[in-house]
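S.K.: Below you'll find entry-v9.pdb; it's PDB, C-alpha atoms and all ligand atoms.
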ATOM      1  CA  MET A   1      92.254 -18.563-112.961
ATOM      2  CA  HIS A   2      93.075 -16.846-109.695
ATOM      3  CA  ARG A   3      94.778 -13.905-111.358
ATOM      4  CA  GLU A   4      91.984 -13.540-113.875
ATOM      5  CA  HIS A   5      89.437 -12.960-111.113
ATOM      6  CA  HIS A   6      91.317 -11.518-108.130
ATOM      7  CA  PRO A   7      94.137  -9.130-107.306
ATOM      8  CA  PRO A   8      96.838 -11.745-106.648
ATOM      9  CA  HIS A   9      98.318 -10.069-103.576
ATOM     10  CA  ASP A  10      95.101  -9.523-101.670
ATOM     11  CA  VAL A  11      94.080 -11.663 -98.767
ATOM     12  CA  GLN A  12      90.863 -11.116 -96.847
ATOM     13  CA  LEU A  13      91.342 -11.161 -93.086
ATOM     14  CA  CYS A  14      88.366 -12.544 -91.168
ATOM     15  CA  SER A  15      88.100 -12.911 -87.425
ATOM     16  CA  LEU A  16      85.915 -15.559 -85.903
ATOM     17  CA  LEU A  17      84.371 -15.511 -82.460
ATOM     18  CA  SER A  18      82.341 -18.216 -80.811
ATOM     19  CA  VAL A  19      79.493 -16.270 -79.188
ATOM     20  CA  LYS A  20      77.916 -19.411 -77.745
ATOM     21  CA  THR A  21      80.255 -22.327 -77.183
ATOM     22  CA  GLY A  22      79.492 -26.003 -76.604
ATOM     23  CA  GLY A  23      76.395 -27.962 -75.633
ATOM     24  CA  CYS A  24      75.329 -28.546 -79.244
ATOM     25  CA  PRO A  25      72.773 -31.352 -79.748
ATOM     26  CA  GLU A  26      74.170 -32.281 -83.183
ATOM     27  CA  ASP A  27      76.626 -35.163 -83.626
ATOM     28  CA  CYS A  28      79.178 -33.834 -86.160
ATOM     29  CA  ALA A  29      82.020 -36.323 -85.701
ATOM     30  CA  TYR A  30      84.754 -33.691 -85.955
ATOM     31  CA  CYS A  31      83.338 -31.214 -83.466
ATOM     32  CA  SER A  32      84.344 -30.650 -79.871
ATOM     33  CA  GLN A  33      81.179 -28.612 -79.257
ATOM     34  CA  SER A  34      78.799 -31.548 -79.626
ATOM     35  CA  SER A  35      77.291 -32.458 -76.260
ATOM     36  CA  ARG A  36      77.533 -36.140 -77.274
ATOM     37  CA  TYR A  37      81.306 -36.355 -76.906
ATOM     38  CA  ASP A  38      83.426 -36.006 -73.833
ATOM     39  CA  THR A  39      85.994 -33.509 -75.053
ATOM     40  CA  GLY A  40      86.600 -31.563 -71.865
ATOM     41  CA  LEU A  41      85.185 -28.450 -73.518
ATOM     42  CA  GLU A  42      83.261 -26.311 -71.098
ATOM     43  CA  LYS A  43      79.873 -25.174 -72.228
ATOM     44  CA  GLN A  44      79.688 -21.402 -72.042
ATOM     45  CA  ARG A  45      76.794 -19.020 -71.734
ATOM     46  CA  MET A  46      75.919 -16.870 -74.686
ATOM     47  CA  MET A  47      78.097 -13.777 -74.853
ATOM     48  CA  LYS A  48      76.559 -10.332 -74.506
ATOM     49  CA  THR A  49      76.639  -7.833 -77.338
ATOM     50  CA  PRO A  50      79.081  -5.357 -75.699
ATOM     51  CA  GLU A  51      81.682  -8.127 -75.145
ATOM     52  CA  VAL A  52      81.292  -9.251 -78.747
ATOM     53  CA  LEU A  53      81.626  -5.723 -80.092
ATOM     54  CA  GLU A  54      84.711  -5.184 -77.992
ATOM     55  CA  ALA A  55      86.253  -8.268 -79.625
ATOM     56  CA  ALA A  56      85.142  -7.033 -83.052
ATOM     57  CA  GLY A  57      86.763  -3.652 -82.371
ATOM     58  CA  ARG A  58      90.020  -5.403 -81.428
ATOM     59  CA  ALA A  59      89.856  -7.520 -84.587
ATOM     60  CA  LYS A  60      89.311  -4.396 -86.668
ATOM     61  CA  ALA A  61      92.230  -2.621 -85.018
ATOM     62  CA  ALA A  62      94.404  -5.659 -85.825
ATOM     63  CA  GLY A  63      93.413  -5.415 -89.495
ATOM     64  CA  ALA A  64      90.413  -7.732 -89.929
ATOM     65  CA  THR A  65      87.642  -6.558 -92.268
ATOM     66  CA  ARG A  66      85.116  -9.320 -91.666
ATOM     67  CA  PHE A  67      83.866 -10.451 -88.282
ATOM     68  CA  CYS A  68      82.255 -13.882 -88.084
ATOM     69  CA  MET A  69      80.147 -14.981 -85.128
ATOM     70  CA  GLY A  70      79.416 -18.633 -84.451
ATOM     71  CA  ALA A  71      76.843 -20.195 -82.138
ATOM     72  CA  ALA A  72      76.742 -23.938 -81.445
ATOM     73  CA  TRP A  73      73.065 -24.361 -82.285
ATOM     74  CA  ARG A  74      71.280 -26.961 -84.379
ATOM     75  CA  GLU A  75      69.040 -24.208 -85.670
ATOM     76  CA  VAL A  76      68.055 -20.697 -84.826
ATOM     77  CA  LYS A  77      65.155 -20.341 -82.406
ATOM     78  CA  ASP A  78      63.261 -17.087 -82.240
ATOM     79  CA  GLY A  79      63.620 -15.335 -78.906
ATOM     80  CA  PRO A  80      66.070 -13.322 -76.828
ATOM     81  CA  ALA A  81      69.213 -15.215 -77.962
ATOM     82  CA  PHE A  82      68.451 -14.616 -81.642
ATOM     83  CA  ASP A  83      67.533 -10.987 -80.912
ATOM     84  CA  GLU A  84      70.911 -10.604 -79.266
ATOM     85  CA  VAL A  85      72.634 -12.000 -82.373
ATOM     86  CA  LEU A  86      70.741  -9.451 -84.495
ATOM     87  CA  GLU A  87      72.021  -6.751 -82.170
ATOM     88  CA  MET A  88      75.574  -8.058 -82.589
ATOM     89  CA  VAL A  89      75.220  -7.996 -86.381
ATOM     90  CA  ARG A  90      74.009  -4.385 -86.308
ATOM     91  CA  GLY A  91      76.890  -3.478 -84.002
ATOM     92  CA  VAL A  92      79.545  -5.119 -86.190
ATOM     93  CA  ARG A  93      78.188  -3.336 -89.269
ATOM     94  CA  ALA A  94      78.201  -0.045 -87.385
ATOM     95  CA  LEU A  95      81.935  -0.587 -86.800
ATOM     96  CA  GLY A  96      82.349  -0.600 -90.586
ATOM     97  CA  MET A  97      83.116  -4.309 -90.827
ATOM     98  CA  GLU A  98      81.457  -7.072 -92.808
ATOM     99  CA  ALA A  99      79.388  -9.307 -90.540
ATOM    100  CA  CYS A 100      79.018 -13.046 -90.942
ATOM    101  CA  CYS A 101      77.157 -15.578 -88.785
ATOM    102  CA  THR A 102      77.083 -19.318 -88.477
ATOM    103  CA  LEU A 103      74.096 -20.360 -86.379
ATOM    104  CA  GLY A 104      72.838 -23.621 -87.885
ATOM    105  CA  MET A 105      69.604 -24.017 -89.802
ATOM    106  CA  LEU A 106      67.459 -20.974 -90.526
ATOM    107  CA  SER A 107      63.881 -20.289 -91.539
ATOM    108  CA  GLU A 108      63.032 -17.739 -94.217
ATOM    109  CA  PRO A 109      61.758 -15.096 -91.760
ATOM    110  CA  GLN A 110      64.903 -15.508 -89.637
ATOM    111  CA  ALA A 111      67.115 -15.071 -92.702
ATOM    112  CA  LYS A 112      65.142 -11.957 -93.581
ATOM    113  CA  LYS A 113      65.729 -10.560 -90.074
ATOM    114  CA  LEU A 114      69.461 -11.205 -90.403
ATOM    115  CA  ALA A 115      69.472  -9.503 -93.799
ATOM    116  CA  ASP A 116      67.588  -6.529 -92.359
ATOM    117  CA  ALA A 117      70.157  -6.289 -89.560
ATOM    118  CA  GLY A 118      72.789  -5.885 -92.275
ATOM    119  CA  LEU A 119      74.351  -9.366 -92.277
ATOM    120  CA  THR A 120      76.883  -9.647 -95.101
ATOM    121  CA  ALA A 121      77.357 -13.414 -95.239
ATOM    122  CA  TYR A 122      76.028 -16.594 -93.673
ATOM    123  CA  ASN A 123      78.299 -19.582 -93.188
ATOM    124  CA  HIS A 124      76.812 -23.042 -93.503
ATOM    125  CA  ASN A 125      79.271 -25.713 -94.611
ATOM    126  CA  LEU A 126      78.380 -28.749 -96.668
ATOM    127  CA  ASP A 127      81.356 -30.378 -94.908
ATOM    128  CA  THR A 128      81.768 -33.227 -97.430
ATOM    129  CA  SER A 129      80.037 -35.077-100.283
ATOM    130  CA  ARG A 130      76.428 -36.186-100.132
ATOM    131  CA  SER A 131      77.461 -39.849-100.036
ATOM    132  CA  PHE A 132      80.008 -39.447 -97.226
ATOM    133  CA  TYR A 133      77.850 -37.065 -95.201
ATOM    134  CA  GLY A 134      76.101 -39.838 -93.248
ATOM    135  CA  SER A 135      79.457 -41.149 -91.974
ATOM    136  CA  VAL A 136      80.131 -37.808 -90.320
ATOM    137  CA  ILE A 137      76.734 -36.521 -89.184
ATOM    138  CA  SER A 138      73.494 -38.373 -88.518
ATOM    139  CA  THR A 139      71.358 -35.665 -86.929
ATOM    140  CA  ARG A 140      70.541 -33.795 -90.139
ATOM    141  CA  THR A 141      70.648 -34.445 -93.860
ATOM    142  CA  TYR A 142      72.495 -33.047 -96.836
ATOM    143  CA  ASP A 143      69.205 -31.711 -98.120
ATOM    144  CA  ASP A 144      68.691 -29.809 -94.832
ATOM    145  CA  ARG A 145      72.039 -28.177 -95.516
ATOM    146  CA  LEU A 146      71.191 -27.252 -99.079
ATOM    147  CA  ARG A 147      67.806 -25.913 -98.016
ATOM    148  CA  THR A 148      69.403 -23.525 -95.528
ATOM    149  CA  LEU A 149      71.782 -22.293 -98.223
ATOM    150  CA  GLU A 150      68.775 -21.590-100.423
ATOM    151  CA  VAL A 151      67.018 -19.665 -97.646
ATOM    152  CA  VAL A 152      70.166 -17.563 -97.115
ATOM    153  CA  ARG A 153      70.489 -16.820-100.814
ATOM    154  CA  LYS A 154      66.834 -15.893-101.122
ATOM    155  CA  ALA A 155      67.170 -13.368 -98.298
ATOM    156  CA  GLY A 156      69.924 -11.601-100.247
ATOM    157  CA  ILE A 157      72.735 -12.605 -97.890
ATOM    158  CA  THR A 158      75.936 -13.856 -99.493
ATOM    159  CA  VAL A 159      76.727 -17.542 -99.074
ATOM    160  CA  CYS A 160      79.800 -18.925 -97.337
ATOM    161  CA  SER A 161      79.982 -22.703 -97.671
ATOM    162  CA  GLY A 162      82.805 -25.198 -97.852
ATOM    163  CA  GLY A 163      84.045 -28.272 -96.091
ATOM    164  CA  ILE A 164      86.682 -30.284 -94.317
ATOM    165  CA  ILE A 165      89.219 -32.731 -95.668
ATOM    166  CA  GLY A 166      90.932 -35.469 -93.698
ATOM    167  CA  MET A 167      87.825 -37.145 -92.225
ATOM    168  CA  GLY A 168      88.336 -40.415 -94.101
ATOM    169  CA  GLU A 169      86.598 -39.301 -97.299
ATOM    170  CA  SER A 170      87.896 -40.279-100.740
ATOM    171  CA  ILE A 171      89.240 -37.909-103.374
ATOM    172  CA  ASP A 172      85.964 -38.487-105.228
ATOM    173  CA  ASP A 173      84.067 -37.262-102.155
ATOM    174  CA  ARG A 174      86.140 -34.081-102.129
ATOM    175  CA  CYS A 175      85.435 -33.546-105.824
ATOM    176  CA  ALA A 176      81.719 -34.259-105.355
ATOM    177  CA  MET A 177      81.473 -31.660-102.598
ATOM    178  CA  LEU A 178      83.193 -29.032-104.735
ATOM    179  CA  ALA A 179      80.961 -29.966-107.670
ATOM    180  CA  THR A 180      77.847 -29.450-105.516
ATOM    181  CA  LEU A 181      79.102 -26.036-104.419
ATOM    182  CA  ALA A 182      80.126 -25.109-107.959
ATOM    183  CA  ASN A 183      76.671 -26.028-109.250
ATOM    184  CA  LEU A 184      74.853 -23.725-106.867
ATOM    185  CA  ASP A 185      73.466 -20.874-108.874
ATOM    186  CA  PRO A 186      74.879 -18.385-108.139
ATOM    187  CA  GLN A 187      78.021 -19.961-106.763
ATOM    188  CA  PRO A 188      78.974 -19.218-103.129
ATOM    189  CA  GLU A 189      80.889 -15.986-102.639
ATOM    190  CA  SER A 190      83.067 -17.628-100.050
ATOM    191  CA  VAL A 191      84.395 -21.197 -99.771
ATOM    192  CA  PRO A 192      86.219 -22.201 -96.597
ATOM    193  CA  VAL A 193      88.525 -25.180 -97.009
ATOM    194  CA  ASN A 194      89.401 -26.794 -93.704
ATOM    195  CA  ALA A 195      91.853 -29.529 -92.843
ATOM    196  CA  LEU A 196      90.542 -31.620 -89.980
ATOM    197  CA  ALA A 197      92.047 -30.547 -86.683
ATOM    198  CA  PRO A 198      91.468 -33.812 -84.763
ATOM    199  CA  MET A 199      89.849 -32.984 -81.411
ATOM    200  CA  PRO A 200      90.475 -35.521 -78.644
ATOM    201  CA  GLY A 201      87.251 -37.180 -77.491
ATOM    202  CA  THR A 202      85.468 -36.833 -80.847
ATOM    203  CA  PRO A 203      85.005 -39.864 -83.140
ATOM    204  CA  LEU A 204      87.586 -38.350 -85.520
ATOM    205  CA  GLY A 205      89.990 -37.460 -82.712
ATOM    206  CA  ASP A 206      92.583 -40.059 -83.729
ATOM    207  CA  ARG A 207      92.783 -39.351 -87.415
ATOM    208  CA  ALA A 208      96.201 -38.754 -88.911
ATOM    209  CA  PRO A 209      96.851 -35.193 -90.037
ATOM    210  CA  VAL A 210      96.219 -34.323 -93.664
ATOM    211  CA  ASP A 211      99.252 -33.988 -95.923
ATOM    212  CA  PRO A 212      99.475 -30.230 -96.574
ATOM    213  CA  LEU A 213      99.817 -30.906-100.304
ATOM    214  CA  GLU A 214      96.327 -32.402-100.277
ATOM    215  CA  LEU A 215      95.033 -29.168 -98.842
ATOM    216  CA  VAL A 216      96.874 -27.235-101.555
ATOM    217  CA  ARG A 217      95.296 -29.461-104.193
ATOM    218  CA  MET A 218      91.831 -29.003-102.682
ATOM    219  CA  ILE A 219      92.276 -25.232-102.683
ATOM    220  CA  ALA A 220      93.480 -25.246-106.284
ATOM    221  CA  THR A 221      90.466 -27.305-107.361
ATOM    222  CA  ALA A 222      88.093 -25.013-105.483
ATOM    223  CA  ARG A 223      89.710 -22.009-107.155
ATOM    224  CA  ILE A 224      89.259 -23.489-110.628
ATOM    225  CA  LEU A 225      85.668 -24.640-110.078
ATOM    226  CA  ILE A 226      84.450 -21.575-108.195
ATOM    227  CA  PRO A 227      86.658 -18.878-109.681
ATOM    228  CA  LYS A 228      85.071 -15.759-108.218
ATOM    229  CA  ALA A 229      84.769 -16.978-104.633
ATOM    230  CA  ARG A 230      87.065 -16.074-101.841
ATOM    231  CA  VAL A 231      88.645 -19.431-101.040
ATOM    232  CA  ARG A 232      89.390 -19.398 -97.342
ATOM    233  CA  LEU A 233      92.256 -21.296 -95.798
ATOM    234  CA  SER A 234      90.509 -22.103 -92.539
ATOM    235  CA  ALA A 235      90.892 -24.618 -89.714
ATOM    236  CA  GLY A 236      94.079 -26.627 -89.682
ATOM    237  CA  ARG A 237      96.280 -23.656 -90.554
ATOM    238  CA  LEU A 238      98.092 -23.902 -87.226
ATOM    239  CA  ALA A 239      99.523 -27.246 -88.325
ATOM    240  CA  LEU A 240     100.879 -25.773 -91.587
ATOM    241  CA  SER A 241     104.385 -24.436 -92.081
ATOM    242  CA  ARG A 242     104.750 -20.929 -93.458
ATOM    243  CA  GLU A 243     105.821 -22.473 -96.755
ATOM    244  CA  SER A 244     102.706 -24.649 -96.968
ATOM    245  CA  GLN A 245     100.537 -21.616 -96.297
ATOM    246  CA  VAL A 246     102.278 -19.722 -99.084
ATOM    247  CA  LEU A 247     101.659 -22.656-101.409
ATOM    248  CA  CYS A 248      97.962 -22.457-100.467
ATOM    249  CA  PHE A 249      97.947 -18.747-101.428
ATOM    250  CA  LEU A 250      99.629 -19.567-104.739
ATOM    251  CA  ALA A 251      97.017 -22.256-105.348
ATOM    252  CA  GLY A 252      94.228 -19.714-104.953
ATOM    253  CA  ALA A 253      93.466 -19.180-101.269
ATOM    254  CA  ASN A 254      92.730 -15.490-100.735
ATOM    255  CA  SER A 255      91.145 -15.358 -97.325
ATOM    256  CA  ILE A 256      92.237 -16.500 -93.894
ATOM    257  CA  PHE A 257      90.859 -16.626 -90.411
ATOM    258  CA  TYR A 258      92.889 -14.195 -88.469
ATOM    259  CA  GLY A 259      93.252 -13.925 -84.711
ATOM    260  CA  GLU A 260      94.164 -16.211 -81.837
ATOM    261  CA  LYS A 261      91.156 -18.448 -81.643
ATOM    262  CA  LEU A 262      89.203 -20.295 -84.310
ATOM    263  CA  LEU A 263      86.032 -21.354 -82.490
ATOM    264  CA  THR A 264      87.610 -23.984 -80.244
ATOM    265  CA  THR A 265      90.720 -24.734 -82.336
ATOM    266  CA  GLY A 266      93.989 -22.820 -82.226
ATOM    267  CA  ASN A 267      94.971 -20.365 -84.957
ATOM    268  CA  PRO A 268      98.290 -18.613 -85.659
ATOM    269  CA  ASP A 269      98.504 -15.282 -83.864
ATOM    270  CA  VAL A 270      98.142 -11.897 -85.485
ATOM    271  CA  GLU A 271     101.872 -11.112 -85.307
ATOM    272  CA  ALA A 272     102.861 -14.353 -87.049
ATOM    273  CA  ASP A 273     100.264 -13.768 -89.764
ATOM    274  CA  GLN A 274     101.336 -10.182 -90.397
ATOM    275  CA  SER A 275     104.944 -11.250 -90.673
ATOM    276  CA  LEU A 276     104.039 -14.044 -93.100
ATOM    277  CA  LEU A 277     102.010 -11.675 -95.300
ATOM    278  CA  ARG A 278     104.819  -9.102 -95.286
ATOM    279  CA  ALA A 279     107.403 -11.747 -96.153
ATOM    280  CA  VAL A 280     105.557 -12.761 -99.320
ATOM    281  CA  GLY A 281     104.360  -9.298-100.349
ATOM    282  CA  MET A 282     100.682  -9.917 -99.678
ATOM    283  CA  ARG A 283      98.359  -7.337 -98.204
ATOM    284  CA  ALA A 284      95.017  -7.211 -96.454
ATOM    285  CA  ALA A 285      92.153  -6.833 -98.912
ATOM    286  CA  PRO A 286      89.929  -3.815 -98.363
ATOM    287  CA  ILE A 287      86.336  -4.314 -97.287
ATOM    288  CA  GLU A 288      84.354  -5.208-100.381
ATOM    289  CA  MET A 289      80.737  -5.940 -99.680
ATOM    290  CA  VAL A 290      78.251  -3.508 -98.335
ATOM    291  CA  THR A 291      74.729  -4.829 -98.084
ATOM    292  CA  GLU A 292      73.071  -1.692 -96.834
TER     293      GLU A 292
HETATM  294  S1  LIG B   1      79.753 -28.472 -86.091
HETATM  295 FE1  LIG B   1      78.159 -27.043 -85.415
HETATM  296  S2  LIG B   1      76.275 -28.253 -85.568
HETATM  297 FE2  LIG B   1      77.949 -29.737 -85.577
HETATM  298  S3  LIG B   1      78.215 -30.338 -83.406
HETATM  299 FE3  LIG B   1      79.646 -28.635 -83.841
HETATM  300  S4  LIG B   1      78.556 -26.786 -83.205
HETATM  301 FE4  LIG B   1      77.017 -28.421 -83.435
END
Just give me the structure as structure tokens.
Ligand code: SF4
M.R.:
Amino acid sequence: MHREHHPPHDVQLCSLLSVKTGGCPEDCAYCSQSSRYDTGLEKQRMMKTPEVLEAAGRAKAAGATRFCMGAAWREVKDGPAFDEVLEMVRGVRALGMEACCTLGMLSEPQAKKLADAGLTAYNHNLDTSRSFYGSVISTRTYDDRLRTLEVVRKAGITVCSGGIIGMGESIDDRCAMLATLANLDPQPESVPVNALAPMPGTPLGDRAPVDPLELVRMIATARILIPKARVRLSAGRLALSRESQVLCFLAGANSIFYGEKLLTTGNPDVEADQSLLRAVGMRAAPIEMVTE
């Protein structure tokens, strides 16, 4: 399935920057940025556009083609902070990179503004199945999630949506989440598959690590159900051996987060990633989506 729809050696390199870290009012049980848990994470002020564009320029020079910006918000509020994000999106596009944001829930006019600024993709994860969702998050509903995905799609922005395994969900929950994503019409262009990176102080901070083969299986299932999407091997990669990562690529992963930091979790460094890609004959995929 993978080879039918994608050049098998290509891997998309995305860099992710947290432009506003911590102090989030939501209660996602896996997240160190929720203000409800004592995780030792320091809340940081919103970054300014020039700092963000400097980071984007560095990511581009290191080989990334997509730059993702995350803000720990429940939802976007109109005003100077959102205007600044729009400025960042325009700046990233002007660098010749794809721009992606993850900012929480969005209204239709806000999605339209992001689209007008040139946003390539919007990330909004379903996280898990509808039935397990309430065990992980109580401050918003599955339908809220799906509604935001609809708003994004309507605005003409591509959809990036996936989830996390290792939170105590069953195999059926994993399948149900993939089925929900696969039944979106059109299907998401990008599906991040995360293994829980347990963060001390969060309700899921003591969970045992996921067996890498479960991640491989999840990626393979995502690849079969959502054949045209970029399946992104996301959080949890730091805990994987090189061999497990290669198995993920063979199973259909063709995108990685690239760079030292993944929001507030560690990520393998650029050097290690380049050497892994060279060792298995993979190469960075060229930029593919231009929305303007
Ligand atoms: S995952 Fe996002 S919405 Fe949930 S607590 Fe963390 S920053 Fe907030």
S.K.: Just the number, please: distance in Å from atom CA of A:Ala55 to atom CA of A:Cys24, one decimal.
M.R.: 23.0 Å
S.K.: Considering only C-alpha atoms, return as a PyMOL selection string whatever protein or nucleic-acid residues lie within 12 Å of A:Asp173, sequence-local ones (same chain, fewer than 2 positions apart) excluded.
M.R.: chain A and resi 126-133+135+163-171+175-180+218
S.K.: How many Å separate atom S4 of ligand LIG 1 (chain B) from atom CA of A:Ser244?
M.R.: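 Rounded to one decimal, the two atoms are 27.9 Å apart.
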S.K.: Ligand LIG 1 (chain B): which residues are within 7 Å, counting all atoms listed in the file? Reply as a list in words.
M.R.: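 My answer, listing the contacting residues, is Gly22, Cys24, Pro25, Glu26, Asp27, Cys28, Cys31, Ser32, Gln33, Ser34, Ala71, Ala72, Trp73, Arg74 and Gly104 of chain A.
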S.K.: Kindly give the distance, in Å, that separates atom CA of A:Asp83 and atom CA of A:Lys113, rounded to a single decimal.
M.R.: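 Between atom CA of A:Asp83 and atom CA of A:Lys113 the gap is 9.3 Å.
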S.K.: Quick one: apply the PyMOL selection byres (((chain A and resi 270) around 9) and not hetatm) to the file and drop the selected residues here as a list of chain:residue names.
M.R.: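 Applied to this file, the PyMOL selection byres (((chain A and resi 270) around 9) and not hetatm) returns A:Ala62, A:Gly63, A:Tyr258, A:Gly259, A:Glu260, A:Pro268, A:Asp269, A:Glu271, A:Ala272, A:Asp273, A:Gln274, A:Ser275.
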S.K.: Output the residue selection produced by the PyMOL selection byres (((chain A and resi 255) around 8) and not hetatm) on the file above, formatted as number ranges by chain.
M.R.: A: 11-14, 230-233, 253-254, 256-257
S.K.: Measuring atom to atom with only C-alpha atoms, identify which of A:Ser18, A:Ser234, A:Ser161, A:Thr139 is nearest to A:Ser190.
M.R.: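 For A:Ser190, the nearest of the candidates is A:Ser161.
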S.K.: Name the closest residue to A:Leu95 among the candidates A:Asn183, A:Thr49, A:Thr65, A:Thr39; distances are taken between atoms, counting all atoms listed in the file.
M.R.: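 For A:Leu95, the nearest of the candidates is A:Thr65.
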S.K.: Give the centre and edge lengths of an axis-aligned box, in Å to one decimal, that holds all listed atoms of stretch 189-200 of chain A with 3 Å on each side, as AutoDock Vina command-line options.
M.R.:
--center_x 86.5 --center_y -25.8 --center_z -90.6 --size_x 17.2 --size_y 25.5 --size_z 30.0
S.K.: Taking all atoms listed in the file into account, which of A:Pro227, A:Val19, A:Val246, A:Pro50 comes nearest A:Arg90?
M.R.: A:Pro50
S.K.: The PyMOL selection byres (((chain A and resi 240) around 10) and not hetatm) - which residues does that actually catch in the file I just gave you? List them as an MDAnalysis selection string.
M.R.: chainID A and resid 195 210:212 215 236:239 241:246 248 268
S.K.: Restricting the calculation to all atoms listed in the file: of A:Leu276, A:Leu149, A:Gly205, A:Val76, which residue gets closest to A:Glu189?
M.R.: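 Under the stated criterion, the closest residue is A:Leu149.
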